[in-house]
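data-v2.cif (mmCIF, C-alpha atoms (C1' of nucleotides))
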```cif
data_final
loop_
_atom_site.group_PDB
_atom_site.id
_atom_site.type_symbol
_atom_site.label_atom_id
_atom_site.label_comp_id
_atom_site.auth_asym_id
_atom_site.auth_seq_id
_atom_site.Cartn_x
_atom_site.Cartn_y
_atom_site.Cartn_z
ATOM 1 C CA MET A 19 108.080 101.463 116.263
ATOM 2 C CA ASP A 20 111.748 101.030 115.645
ATOM 3 C CA ASN A 21 112.742 102.833 112.507
ATOM 4 C CA ASN A 22 114.398 99.907 110.820
ATOM 5 C CA LEU A 23 111.607 97.527 111.709
ATOM 6 C CA LEU A 24 109.254 99.867 109.908
ATOM 7 C CA ASP A 25 111.384 99.481 106.821
ATOM 8 C CA VAL A 26 111.187 95.732 107.069
ATOM 9 C CA LYS A 27 107.443 95.947 107.552
ATOM 10 C CA ALA A 28 107.146 98.084 104.424
ATOM 11 C CA LYS A 29 109.124 95.482 102.515
ATOM 12 C CA PHE A 30 106.893 92.770 103.904
ATOM 13 C CA ILE A 31 103.819 94.516 102.582
ATOM 14 C CA ARG A 32 105.512 95.309 99.299
ATOM 15 C CA GLY A 33 105.616 91.559 98.831
ATOM 16 C CA PHE A 34 101.865 91.666 98.287
ATOM 17 C CA SER A 35 101.876 94.714 96.073
ATOM 18 C CA ASP A 36 102.496 93.260 92.658
ATOM 19 C CA LYS A 37 100.059 91.761 90.219
ATOM 20 C CA THR A 38 102.119 88.688 89.440
ATOM 21 C CA ARG A 39 102.813 88.010 93.106
ATOM 22 C CA LEU A 40 99.126 88.350 93.923
ATOM 23 C CA GLN A 41 98.418 85.801 91.231
ATOM 24 C CA ILE A 42 101.022 83.459 92.631
ATOM 25 C CA LEU A 43 99.622 83.845 96.119
ATOM 26 C CA HIS A 44 96.154 83.153 94.853
ATOM 27 C CA SER A 45 97.316 80.008 93.108
ATOM 28 C CA ILE A 46 98.865 78.615 96.281
ATOM 29 C CA GLN A 47 96.274 79.950 98.672
ATOM 30 C CA ASP A 48 94.889 76.513 99.472
ATOM 31 C CA LYS A 49 97.499 74.096 98.184
ATOM 32 C CA GLU A 50 101.204 73.727 97.703
ATOM 33 C CA LEU A 51 102.379 73.989 94.148
ATOM 34 C CA THR A 52 105.543 73.332 92.258
ATOM 35 C CA VAL A 53 107.320 76.160 90.500
ATOM 36 C CA SER A 54 106.463 74.669 87.142
ATOM 37 C CA GLN A 55 102.858 74.227 88.171
ATOM 38 C CA ILE A 56 102.694 77.903 89.051
ATOM 39 C CA VAL A 57 104.405 78.839 85.815
ATOM 40 C CA GLU A 58 101.852 76.728 84.001
ATOM 41 C CA GLU A 59 98.915 78.146 85.899
ATOM 42 C CA LEU A 60 99.905 81.757 85.333
ATOM 43 C CA LYS A 61 101.225 81.103 81.858
ATOM 44 C CA GLY A 62 104.284 82.999 82.948
ATOM 45 C CA ASN A 63 108.001 83.003 82.384
ATOM 46 C CA GLN A 64 109.983 80.575 84.544
ATOM 47 C CA SER A 65 112.704 83.037 85.456
ATOM 48 C CA ASN A 66 110.213 85.715 86.258
ATOM 49 C CA ILE A 67 108.081 83.483 88.465
ATOM 50 C CA SER A 68 111.153 82.169 90.194
ATOM 51 C CA GLN A 69 112.248 85.674 91.058
ATOM 52 C CA HIS A 70 108.851 86.551 92.409
ATOM 53 C CA LEU A 71 108.887 83.398 94.502
ATOM 54 C CA ALA A 72 112.266 84.390 95.895
ATOM 55 C CA CYS A 73 110.800 87.773 96.737
ATOM 56 C CA LEU A 74 107.775 86.292 98.479
ATOM 57 C CA LYS A 75 110.009 83.926 100.386
ATOM 58 C CA GLY A 76 112.349 86.722 101.370
ATOM 59 C CA CYS A 77 109.370 88.665 102.638
ATOM 60 C CA GLY A 78 108.332 85.754 104.830
ATOM 61 C CA ILE A 79 105.077 85.339 102.971
ATOM 62 C CA ILE A 80 105.660 81.871 101.572
ATOM 63 C CA VAL A 81 107.834 78.898 102.395
ATOM 64 C CA GLY A 82 109.444 76.369 100.129
ATOM 65 C CA ARG A 83 109.866 72.651 100.620
ATOM 66 C CA GLN A 84 112.110 70.611 98.417
ATOM 67 C CA GLU A 85 110.938 67.163 97.419
ATOM 68 C CA GLY A 86 113.090 65.421 94.927
ATOM 69 C CA LYS A 87 113.695 67.676 92.045
ATOM 70 C CA TYR A 88 110.588 69.669 92.792
ATOM 71 C CA MET A 89 110.246 72.698 94.968
ATOM 72 C CA TYR A 90 106.870 73.090 96.592
ATOM 73 C CA TYR A 91 105.740 76.504 97.690
ATOM 74 C CA SER A 92 102.897 77.399 100.010
ATOM 75 C CA LEU A 93 101.772 80.231 102.227
ATOM 76 C CA ARG A 94 103.873 80.519 105.358
ATOM 77 C CA ASN A 95 100.922 80.116 107.700
ATOM 78 C CA LYS A 96 97.187 80.464 108.126
ATOM 79 C CA GLN A 97 97.473 84.094 109.127
ATOM 80 C CA ILE A 98 98.962 85.025 105.801
ATOM 81 C CA LYS A 99 95.932 83.494 104.165
ATOM 82 C CA GLN A 100 93.642 85.450 106.444
ATOM 83 C CA LEU A 101 95.508 88.605 105.642
ATOM 84 C CA LEU A 102 95.099 87.923 101.937
ATOM 85 C CA ILE A 103 91.393 87.419 102.417
ATOM 86 C CA MET A 104 91.086 90.568 104.441
ATOM 87 C CA MET A 105 93.016 92.560 101.853
ATOM 88 C CA ASP A 106 90.544 91.284 99.317
ATOM 89 C CA VAL A 107 87.524 92.182 101.367
ATOM 90 C CA VAL A 108 88.712 95.644 102.238
ATOM 91 C CA PHE A 109 89.837 96.341 98.712
ATOM 92 C CA ASN A 110 86.500 95.320 97.246
ATOM 93 C CA GLN A 111 84.745 97.459 99.797
ATOM 94 C CA VAL A 112 86.871 100.461 98.951
ATOM 95 C CA GLU A 113 86.338 99.877 95.262
ATOM 96 C CA GLU A 114 82.570 99.826 95.668
ATOM 97 C CA GLU A 115 82.649 102.820 97.957
ATOM 98 C CA VAL A 116 84.703 104.811 95.532
ATOM 99 C CA ALA A 117 82.644 103.758 92.547
ATOM 100 C CA ALA A 118 79.347 104.448 94.292
ATOM 101 C CA CYS A 119 79.990 107.613 96.257
ATOM 102 C CA ASP A 120 82.887 109.738 95.113
ATOM 103 C CA LYS A 121 82.884 110.044 91.383
ATOM 104 C CA ASN A 122 85.750 112.450 91.682
ATOM 105 C CA ASP A 123 87.807 110.451 94.087
ATOM 106 C CA GLN A 124 88.935 107.773 91.692
ATOM 107 C CA LEU A 125 91.169 104.950 92.672
ATOM 108 C CA ASP A 126 94.312 105.685 90.824
ATOM 109 C CA CYS A 127 97.279 105.345 93.030
ATOM 110 C CA CYS A 128 100.375 107.470 92.761
ATOM 111 C CA ARG A 129 101.539 108.210 89.258
ATOM 112 C CA ARG A 130 99.444 105.696 87.430
ATOM 113 C CA GLU A 131 99.613 106.482 83.764
ATOM 114 C CA ALA A 132 96.458 106.772 81.686
ATOM 115 C CA MET B 28 89.658 87.972 88.967
ATOM 116 C CA ASP B 29 89.610 90.419 86.134
ATOM 117 C CA ASN B 30 93.095 91.168 84.972
ATOM 118 C CA ASN B 31 92.892 94.899 85.288
ATOM 119 C CA LEU B 32 91.212 94.765 88.665
ATOM 120 C CA LEU B 33 94.185 92.782 89.873
ATOM 121 C CA ASP B 34 96.411 95.629 88.801
ATOM 122 C CA VAL B 35 94.312 98.088 90.735
ATOM 123 C CA LYS B 36 94.396 95.807 93.740
ATOM 124 C CA ALA B 37 98.179 95.645 93.546
ATOM 125 C CA LYS B 38 98.286 99.434 93.455
ATOM 126 C CA PHE B 39 95.952 99.571 96.429
ATOM 127 C CA ILE B 40 98.285 97.402 98.453
ATOM 128 C CA ARG B 41 101.308 99.285 97.224
ATOM 129 C CA GLY B 42 99.802 102.235 99.059
ATOM 130 C CA PHE B 43 100.712 100.510 102.316
ATOM 131 C CA SER B 44 104.148 99.403 101.241
ATOM 132 C CA ASP B 45 106.261 102.402 102.054
ATOM 133 C CA LYS B 46 107.841 103.401 105.320
ATOM 134 C CA THR B 47 106.755 107.030 105.161
ATOM 135 C CA ARG B 48 103.209 106.107 104.224
ATOM 136 C CA LEU B 49 103.052 103.602 107.073
ATOM 137 C CA GLN B 50 104.140 106.363 109.407
ATOM 138 C CA ILE B 51 101.503 108.688 108.046
ATOM 139 C CA LEU B 52 98.828 106.018 108.412
ATOM 140 C CA HIS B 53 99.921 105.369 111.951
ATOM 141 C CA SER B 54 99.730 109.043 112.790
ATOM 142 C CA ILE B 55 96.137 109.310 111.547
ATOM 143 C CA GLN B 56 95.025 105.893 112.690
ATOM 144 C CA ASP B 57 92.744 107.266 115.375
ATOM 145 C CA LYS B 58 92.357 110.933 114.553
ATOM 146 C CA GLU B 59 92.212 113.328 111.644
ATOM 147 C CA LEU B 60 95.292 115.423 111.144
ATOM 148 C CA THR B 61 96.258 118.404 109.084
ATOM 149 C CA VAL B 62 99.034 118.104 106.544
ATOM 150 C CA SER B 63 101.234 120.348 108.596
ATOM 151 C CA GLN B 64 100.482 118.354 111.715
ATOM 152 C CA ILE B 65 101.598 115.225 109.931
ATOM 153 C CA VAL B 66 104.686 116.974 108.610
ATOM 154 C CA GLU B 67 105.421 118.071 112.146
ATOM 155 C CA GLU B 68 104.798 114.645 113.645
ATOM 156 C CA LEU B 69 107.011 112.825 111.159
ATOM 157 C CA LYS B 70 109.517 115.622 110.972
ATOM 158 C CA GLY B 71 109.255 115.317 107.237
ATOM 159 C CA ASN B 72 109.382 117.454 104.163
ATOM 160 C CA GLN B 73 106.105 119.152 103.241
ATOM 161 C CA SER B 74 106.324 118.335 99.544
ATOM 162 C CA ASN B 75 107.219 114.771 100.235
ATOM 163 C CA ILE B 76 104.396 114.233 102.717
ATOM 164 C CA SER B 77 101.937 115.908 100.406
ATOM 165 C CA GLN B 78 102.866 113.545 97.611
ATOM 166 C CA HIS B 79 102.486 110.538 99.865
ATOM 167 C CA LEU B 80 99.090 111.808 100.974
ATOM 168 C CA ALA B 81 98.054 112.145 97.335
ATOM 169 C CA CYS B 82 99.187 108.574 96.804
ATOM 170 C CA LEU B 83 97.246 107.269 99.800
ATOM 171 C CA LYS B 84 94.192 109.170 98.679
ATOM 172 C CA GLY B 85 94.512 107.895 95.141
ATOM 173 C CA CYS B 86 94.708 104.383 96.530
ATOM 174 C CA GLY B 87 91.468 104.895 98.421
ATOM 175 C CA ILE B 88 93.174 104.425 101.753
ATOM 176 C CA ILE B 89 92.573 107.862 103.178
ATOM 177 C CA VAL B 90 90.147 110.703 102.599
ATOM 178 C CA GLY B 91 90.660 114.431 102.851
ATOM 179 C CA ARG B 92 88.318 117.061 104.188
ATOM 180 C CA GLN B 93 88.970 120.717 103.659
ATOM 181 C CA GLU B 94 88.191 123.083 106.489
ATOM 182 C CA GLY B 95 89.214 126.641 105.934
ATOM 183 C CA LYS B 96 92.804 126.695 104.893
ATOM 184 C CA TYR B 97 93.463 123.332 106.441
ATOM 185 C CA MET B 98 93.151 119.928 104.866
ATOM 186 C CA TYR B 99 92.287 117.175 107.282
ATOM 187 C CA TYR B 100 93.195 113.621 106.405
ATOM 188 C CA SER B 101 91.926 110.429 107.989
ATOM 189 C CA LEU B 102 91.545 106.757 107.177
ATOM 190 C CA ARG B 103 88.800 106.112 104.668
ATOM 191 C CA ASN B 104 86.875 103.781 106.952
ATOM 192 C CA LYS B 105 87.072 101.421 109.914
ATOM 193 C CA GLN B 106 88.019 98.485 107.740
ATOM 194 C CA ILE B 107 91.198 100.178 106.625
ATOM 195 C CA LYS B 108 92.138 100.528 110.256
ATOM 196 C CA GLN B 109 91.397 96.876 110.862
ATOM 197 C CA LEU B 110 93.490 95.950 107.873
ATOM 198 C CA LEU B 111 96.357 98.018 109.237
ATOM 199 C CA ILE B 112 96.070 96.274 112.563
ATOM 200 C CA MET B 113 95.950 92.884 110.938
ATOM 201 C CA MET B 114 98.989 93.680 108.817
ATOM 202 C CA ASP B 115 100.752 94.575 112.019
ATOM 203 C CA VAL B 116 99.770 91.409 113.797
ATOM 204 C CA VAL B 117 100.656 89.114 110.926
ATOM 205 C CA PHE B 118 103.918 90.886 110.293
ATOM 206 C CA ASN B 119 104.977 90.639 113.919
ATOM 207 C CA GLN B 120 104.077 86.982 113.923
ATOM 208 C CA VAL B 121 106.109 86.319 110.811
ATOM 209 C CA GLU B 122 109.019 88.265 112.227
ATOM 210 C CA GLU B 123 109.019 86.184 115.403
ATOM 211 C CA GLU B 124 108.571 82.993 113.486
ATOM 212 C CA VAL B 125 111.447 83.775 111.209
ATOM 213 C CA ALA B 126 113.677 84.909 114.053
ATOM 214 C CA ALA B 127 112.855 81.904 116.212
ATOM 215 C CA CYS B 128 112.736 79.025 113.756
ATOM 216 C CA ASP B 129 114.509 79.537 110.505
ATOM 217 C CA LYS B 130 117.852 81.099 111.073
ATOM 218 C CA ASN B 131 118.556 80.705 107.395
ATOM 219 C CA ASP B 132 115.276 82.000 106.135
ATOM 220 C CA GLN B 133 115.828 85.655 106.870
ATOM 221 C CA LEU B 134 113.305 88.311 106.132
ATOM 222 C CA ASP B 135 114.909 90.270 103.412
ATOM 223 C CA CYS B 136 112.542 90.996 100.645
ATOM 224 C CA CYS B 137 113.532 91.114 97.030
ATOM 225 C CA ARG B 138 116.732 92.933 96.289
ATOM 226 C CA ARG B 139 117.265 94.517 99.635
ATOM 227 C CA GLU B 140 120.777 95.841 99.730
ATOM 228 C CA ALA B 141 123.075 95.065 102.653
ATOM 229 C "C1'" DA C 18 129.382 60.127 83.658
ATOM 230 C "C1'" DT C 19 125.917 61.969 80.730
ATOM 231 C "C1'" DA C 20 121.502 63.497 79.762
ATOM 232 C "C1'" DA C 21 117.174 65.525 80.943
ATOM 233 C "C1'" DC C 22 114.546 68.095 83.684
ATOM 234 C "C1'" DA C 23 113.412 71.642 87.583
ATOM 235 C "C1'" DT C 24 114.752 75.667 89.602
ATOM 236 C "C1'" DA C 25 117.788 79.557 90.728
ATOM 237 C "C1'" DT C 26 120.757 83.234 89.531
ATOM 238 C "C1'" DT C 27 122.870 86.774 86.715
ATOM 239 C "C1'" DA C 28 123.205 90.693 83.460
ATOM 240 C "C1'" DG C 29 121.195 94.304 81.147
ATOM 241 C "C1'" DC C 30 117.276 97.122 80.074
ATOM 242 C "C1'" DG C 31 113.474 100.373 80.449
ATOM 243 C "C1'" DT C 32 110.081 101.993 83.809
ATOM 244 C "C1'" DT C 33 108.507 103.410 88.132
ATOM 245 C "C1'" DT C 34 109.355 105.162 92.582
ATOM 246 C "C1'" DG C 35 110.579 108.477 96.198
ATOM 247 C "C1'" DC C 36 113.160 112.419 97.203
ATOM 248 C "C1'" DT C 37 114.375 117.493 97.153
ATOM 249 C "C1'" DG C 38 113.861 122.167 95.788
ATOM 250 C "C1'" DA C 39 111.228 125.453 93.365
ATOM 251 C "C1'" DT C 40 106.944 127.112 92.074
ATOM 252 C "C1'" DA C 41 101.893 127.303 91.785
ATOM 253 C "C1'" DT C 42 97.319 127.261 93.783
ATOM 254 C "C1'" DG C 43 94.143 128.173 97.306
ATOM 255 C "C1'" DT C 44 92.322 130.334 101.542
ATOM 256 C "C1'" DG C 45 91.790 133.545 105.231
ATOM 257 C "C1'" DT C 46 93.370 138.257 107.127
ATOM 258 C "C1'" DG C 47 94.815 143.064 107.512
ATOM 259 C "C1'" DC D 4 94.261 144.771 97.267
ATOM 260 C "C1'" DA D 5 98.487 142.653 99.252
ATOM 261 C "C1'" DC D 6 100.139 139.365 102.348
ATOM 262 C "C1'" DA D 7 100.956 135.258 105.049
ATOM 263 C "C1'" DC D 8 100.059 130.740 105.513
ATOM 264 C "C1'" DA D 9 98.630 125.799 104.040
ATOM 265 C "C1'" DT D 10 98.842 122.668 100.571
ATOM 266 C "C1'" DA D 11 99.576 120.907 95.919
ATOM 267 C "C1'" DT D 12 102.216 120.272 91.866
ATOM 268 C "C1'" DC D 13 106.206 120.235 88.845
ATOM 269 C "C1'" DA D 14 111.026 119.126 87.270
ATOM 270 C "C1'" DG D 15 114.877 116.528 87.664
ATOM 271 C "C1'" DC D 16 117.557 112.973 89.594
ATOM 272 C "C1'" DA D 17 119.144 108.612 91.828
ATOM 273 C "C1'" DA D 18 117.645 104.263 93.396
ATOM 274 C "C1'" DA D 19 114.716 100.330 93.181
ATOM 275 C "C1'" DC D 20 111.756 97.384 90.473
ATOM 276 C "C1'" DG D 21 110.108 93.974 87.026
ATOM 277 C "C1'" DC D 22 111.055 91.894 82.774
ATOM 278 C "C1'" DT D 23 113.576 88.875 79.404
ATOM 279 C "C1'" DA D 24 117.248 86.010 77.809
ATOM 280 C "C1'" DA D 25 121.133 83.479 79.029
ATOM 281 C "C1'" DT D 26 123.506 80.715 82.163
ATOM 282 C "C1'" DA D 27 124.331 78.151 86.431
ATOM 283 C "C1'" DT D 28 123.005 74.881 89.981
ATOM 284 C "C1'" DG D 29 120.850 70.869 91.609
ATOM 285 C "C1'" DT D 30 118.396 66.404 91.240
ATOM 286 C "C1'" DT D 31 117.039 62.081 89.136
ATOM 287 C "C1'" DA D 32 117.458 58.522 85.716
ATOM 288 C "C1'" DT D 33 120.079 55.924 82.231
#
```
Starting from the coordinates I provided, produce the structure as structure tokens.
Amino acid sequence: MDNNLLDVKAKFIRGFSDKTRLQILHSIQDKELTVSQIVEELKGNQSNISQHLACLKGCGIIVGRQEGKYMYYSLRNKQIKQLLIMMDVVFNQVEEEVAACDKNDQLDCCRREA
Amino acid sequence: MDNNLLDVKAKFIRGFSDKTRLQILHSIQDKELTVSQIVEELKGNQSNISQHLACLKGCGIIVGRQEGKYMYYSLRNKQIKQLLIMMDVVFNQVEEEVAACDKNDQLDCCRREA
DNA sequence: ATAACATATTAGCGTTTGCTGATATGTGTG
DNA sequence: CACACATATCAGCAAACGCTAATATGTTAT
């Protein structure tokens, strides 16, 4: 794969790799929501959520649709939803596997502090 | 979802969100490889690759198997491979979609410098 | 035009990340 | 044992990230 494309792909995936963004994605998994609705749902900070939305949009993961003074966000397409579901499934699987089999092979990515 | 579990899930996904790690995963997608084989294949730095392997292992994405003085790494299970493939497919789709339809909605995640 | 609301953007910060180079650990071999 | 080789870990640094608070932009209603 083209070297630069690989960078873009990494950035694409990084879009999914944050707790707040995962929460946002979950909240709009099946319905469009307004920024303020998302802020409300996550009990988050407006600026913070807005930045994460910009990130997700920049990654191609979500799309925005302006309607009046509201901005509605939703997943870009069905495949993104499927990917989210699959990430979930595989993650849960791995979690179980790790918990059940390898007591010494804990999930604790990179330099995760205690 | 439990708040902490969501953090772990984010870390899990973060495992996939780096160019070098994507390259490593690609190189061991269908076969086990030794650290030095991976270093060779990516033309990378041994320390660097080793750290990325530790990260991938900590994320539960890959597993290591020692054999003599060699350490063989491979994907943890078939589902990880499927997830990788699906990430690929969805990413390519999004890329096309963005390139074809929304000239103004460029893929350029978060604060990606020029 | 002004006011009120919804969202985006900016600045500054502390933390985390990824890299390199040096060093440590581990494993087989003479 | 000493030695070579394979891998892991550490230290230090620069860049990227995520957060908050403040401010700017945009949209509707009065």
What does chain B look like after a least-squares fit onto chain A on every Cα paired in order, written as a PDB file with C-alpha atoms, in the frame of the given file?
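Ended up saving to out-v8.pdb:
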```pdb
ATOM      1  CA  MET B  28     108.068 101.485 116.261  1.00  0.00           C
ATOM      2  CA  ASP B  29     111.738 101.072 115.646  1.00  0.00           C
ATOM      3  CA  ASN B  30     112.764 102.857 112.512  1.00  0.00           C
ATOM      4  CA  ASN B  31     114.400  99.931 110.832  1.00  0.00           C
ATOM      5  CA  LEU B  32     111.606  97.552 111.715  1.00  0.00           C
ATOM      6  CA  LEU B  33     109.271  99.893 109.900  1.00  0.00           C
ATOM      7  CA  ASP B  34     111.406  99.496 106.819  1.00  0.00           C
ATOM      8  CA  VAL B  35     111.202  95.743 107.078  1.00  0.00           C
ATOM      9  CA  LYS B  36     107.465  95.973 107.551  1.00  0.00           C
ATOM     10  CA  ALA B  37     107.171  98.095 104.423  1.00  0.00           C
ATOM     11  CA  LYS B  38     109.154  95.479 102.524  1.00  0.00           C
ATOM     12  CA  PHE B  39     106.908  92.770 103.911  1.00  0.00           C
ATOM     13  CA  ILE B  40     103.843  94.528 102.583  1.00  0.00           C
ATOM     14  CA  ARG B  41     105.546  95.300  99.312  1.00  0.00           C
ATOM     15  CA  GLY B  42     105.616  91.543  98.845  1.00  0.00           C
ATOM     16  CA  PHE B  43     101.861  91.670  98.297  1.00  0.00           C
ATOM     17  CA  SER B  44     101.879  94.717  96.083  1.00  0.00           C
ATOM     18  CA  ASP B  45     102.488  93.247  92.679  1.00  0.00           C
ATOM     19  CA  LYS B  46     100.036  91.758  90.243  1.00  0.00           C
ATOM     20  CA  THR B  47     102.115  88.687  89.456  1.00  0.00           C
ATOM     21  CA  ARG B  48     102.806  88.007  93.111  1.00  0.00           C
ATOM     22  CA  LEU B  49      99.114  88.349  93.928  1.00  0.00           C
ATOM     23  CA  GLN B  50      98.400  85.799  91.237  1.00  0.00           C
ATOM     24  CA  ILE B  51     101.006  83.456  92.628  1.00  0.00           C
ATOM     25  CA  LEU B  52      99.610  83.840  96.138  1.00  0.00           C
ATOM     26  CA  HIS B  53      96.139  83.153  94.863  1.00  0.00           C
ATOM     27  CA  SER B  54      97.297  80.022  93.103  1.00  0.00           C
ATOM     28  CA  ILE B  55      98.856  78.613  96.283  1.00  0.00           C
ATOM     29  CA  GLN B  56      96.260  79.947  98.670  1.00  0.00           C
ATOM     30  CA  ASP B  57      94.881  76.518  99.470  1.00  0.00           C
ATOM     31  CA  LYS B  58      97.478  74.093  98.188  1.00  0.00           C
ATOM     32  CA  GLU B  59     101.197  73.705  97.694  1.00  0.00           C
ATOM     33  CA  LEU B  60     102.376  74.002  94.138  1.00  0.00           C
ATOM     34  CA  THR B  61     105.552  73.348  92.254  1.00  0.00           C
ATOM     35  CA  VAL B  62     107.300  76.189  90.487  1.00  0.00           C
ATOM     36  CA  SER B  63     106.456  74.706  87.144  1.00  0.00           C
ATOM     37  CA  GLN B  64     102.850  74.253  88.174  1.00  0.00           C
ATOM     38  CA  ILE B  65     102.685  77.916  89.053  1.00  0.00           C
ATOM     39  CA  VAL B  66     104.393  78.861  85.807  1.00  0.00           C
ATOM     40  CA  GLU B  67     101.843  76.745  83.999  1.00  0.00           C
ATOM     41  CA  GLU B  68      98.889  78.162  85.906  1.00  0.00           C
ATOM     42  CA  LEU B  69      99.878  81.780  85.343  1.00  0.00           C
ATOM     43  CA  LYS B  70     101.202  81.134  81.884  1.00  0.00           C
ATOM     44  CA  GLY B  71     104.275  83.018  82.942  1.00  0.00           C
ATOM     45  CA  ASN B  72     107.977  83.032  82.370  1.00  0.00           C
ATOM     46  CA  GLN B  73     109.953  80.603  84.531  1.00  0.00           C
ATOM     47  CA  SER B  74     112.687  83.078  85.416  1.00  0.00           C
ATOM     48  CA  ASN B  75     110.203  85.750  86.238  1.00  0.00           C
ATOM     49  CA  ILE B  76     108.087  83.513  88.460  1.00  0.00           C
ATOM     50  CA  SER B  77     111.160  82.183  90.186  1.00  0.00           C
ATOM     51  CA  GLN B  78     112.268  85.690  91.041  1.00  0.00           C
ATOM     52  CA  HIS B  79     108.854  86.566  92.400  1.00  0.00           C
ATOM     53  CA  LEU B  80     108.885  83.406  94.495  1.00  0.00           C
ATOM     54  CA  ALA B  81     112.277  84.393  95.890  1.00  0.00           C
ATOM     55  CA  CYS B  82     110.814  87.778  96.736  1.00  0.00           C
ATOM     56  CA  LEU B  83     107.781  86.289  98.476  1.00  0.00           C
ATOM     57  CA  LYS B  84     110.008  83.924 100.384  1.00  0.00           C
ATOM     58  CA  GLY B  85     112.363  86.701 101.375  1.00  0.00           C
ATOM     59  CA  CYS B  86     109.378  88.647 102.642  1.00  0.00           C
ATOM     60  CA  GLY B  87     108.340  85.732 104.824  1.00  0.00           C
ATOM     61  CA  ILE B  88     105.076  85.327 102.975  1.00  0.00           C
ATOM     62  CA  ILE B  89     105.653  81.876 101.574  1.00  0.00           C
ATOM     63  CA  VAL B  90     107.828  78.894 102.392  1.00  0.00           C
ATOM     64  CA  GLY B  91     109.445  76.363 100.111  1.00  0.00           C
ATOM     65  CA  ARG B  92     109.863  72.652 100.606  1.00  0.00           C
ATOM     66  CA  GLN B  93     112.099  70.618  98.385  1.00  0.00           C
ATOM     67  CA  GLU B  94     110.948  67.168  97.393  1.00  0.00           C
ATOM     68  CA  GLY B  95     113.120  65.405  94.905  1.00  0.00           C
ATOM     69  CA  LYS B  96     113.680  67.682  91.994  1.00  0.00           C
ATOM     70  CA  TYR B  97     110.588  69.678  92.764  1.00  0.00           C
ATOM     71  CA  MET B  98     110.248  72.716  94.959  1.00  0.00           C
ATOM     72  CA  TYR B  99     106.872  73.088  96.581  1.00  0.00           C
ATOM     73  CA  TYR B 100     105.736  76.514  97.675  1.00  0.00           C
ATOM     74  CA  SER B 101     102.892  77.395 100.007  1.00  0.00           C
ATOM     75  CA  LEU B 102     101.770  80.223 102.251  1.00  0.00           C
ATOM     76  CA  ARG B 103     103.868  80.505 105.375  1.00  0.00           C
ATOM     77  CA  ASN B 104     100.925  80.101 107.727  1.00  0.00           C
ATOM     78  CA  LYS B 105      97.174  80.465 108.149  1.00  0.00           C
ATOM     79  CA  GLN B 106      97.458  84.092 109.151  1.00  0.00           C
ATOM     80  CA  ILE B 107      98.952  85.024 105.817  1.00  0.00           C
ATOM     81  CA  LYS B 108      95.923  83.501 104.175  1.00  0.00           C
ATOM     82  CA  GLN B 109      93.632  85.450 106.456  1.00  0.00           C
ATOM     83  CA  LEU B 110      95.516  88.609 105.658  1.00  0.00           C
ATOM     84  CA  LEU B 111      95.106  87.922 101.955  1.00  0.00           C
ATOM     85  CA  ILE B 112      91.402  87.424 102.429  1.00  0.00           C
ATOM     86  CA  MET B 113      91.093  90.573 104.462  1.00  0.00           C
ATOM     87  CA  MET B 114      93.009  92.561 101.865  1.00  0.00           C
ATOM     88  CA  ASP B 115      90.542  91.270  99.334  1.00  0.00           C
ATOM     89  CA  VAL B 116      87.516  92.184 101.373  1.00  0.00           C
ATOM     90  CA  VAL B 117      88.727  95.658 102.246  1.00  0.00           C
ATOM     91  CA  PHE B 118      89.839  96.343  98.714  1.00  0.00           C
ATOM     92  CA  ASN B 119      86.501  95.310  97.259  1.00  0.00           C
ATOM     93  CA  GLN B 120      84.739  97.471  99.790  1.00  0.00           C
ATOM     94  CA  VAL B 121      86.868 100.471  98.940  1.00  0.00           C
ATOM     95  CA  GLU B 122      86.347  99.867  95.249  1.00  0.00           C
ATOM     96  CA  GLU B 123      82.573  99.829  95.666  1.00  0.00           C
ATOM     97  CA  GLU B 124      82.648 102.810  97.939  1.00  0.00           C
ATOM     98  CA  VAL B 125      84.707 104.800  95.517  1.00  0.00           C
ATOM     99  CA  ALA B 126      82.620 103.746  92.537  1.00  0.00           C
ATOM    100  CA  ALA B 127      79.333 104.443  94.290  1.00  0.00           C
ATOM    101  CA  CYS B 128      79.994 107.627  96.230  1.00  0.00           C
ATOM    102  CA  ASP B 129      82.862 109.721  95.062  1.00  0.00           C
ATOM    103  CA  LYS B 130      82.830 110.020  91.341  1.00  0.00           C
ATOM    104  CA  ASN B 131      85.713 112.428  91.604  1.00  0.00           C
ATOM    105  CA  ASP B 132      87.775 110.449  94.023  1.00  0.00           C
ATOM    106  CA  GLN B 133      88.938 107.757  91.656  1.00  0.00           C
ATOM    107  CA  LEU B 134      91.165 104.935  92.675  1.00  0.00           C
ATOM    108  CA  ASP B 135      94.326 105.652  90.858  1.00  0.00           C
ATOM    109  CA  CYS B 136      97.301 105.268  93.046  1.00  0.00           C
ATOM    110  CA  CYS B 137     100.360 107.424  92.806  1.00  0.00           C
ATOM    111  CA  ARG B 138     101.595 108.096  89.324  1.00  0.00           C
ATOM    112  CA  ARG B 139      99.475 105.620  87.489  1.00  0.00           C
ATOM    113  CA  GLU B 140      99.711 106.402  83.825  1.00  0.00           C
ATOM    114  CA  ALA B 141      96.584 106.713  81.691  1.00  0.00           C
TER     115      ALA B 141
END
```
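If you measure from each of B:Gln93, B:Ser54, B:Thr47, B:Asn119 to Asn72 in chain B using only C-alpha atoms, the closest one turns out to be B:Thr47.
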Residue members of the PyMOL selection byres ((chain C) within 8 of (chain A)) in the file shown, as a ChimeraX atom specification: /C:23-25
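If all atoms listed in the file are the atoms counted, then among A:Gly62, A:Ile67, A:Gly78, A:Ile46 the closest residue to chain B is A:Gly78.
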The PyMOL selection byres ((chain B) within 7 of (chain A)) resolved against shown file, as a PyMOL selection string: chain B and resi 33-34+36-41+43-46+81-82+85-87+106-107+110+113-114+117-118+121+133-137
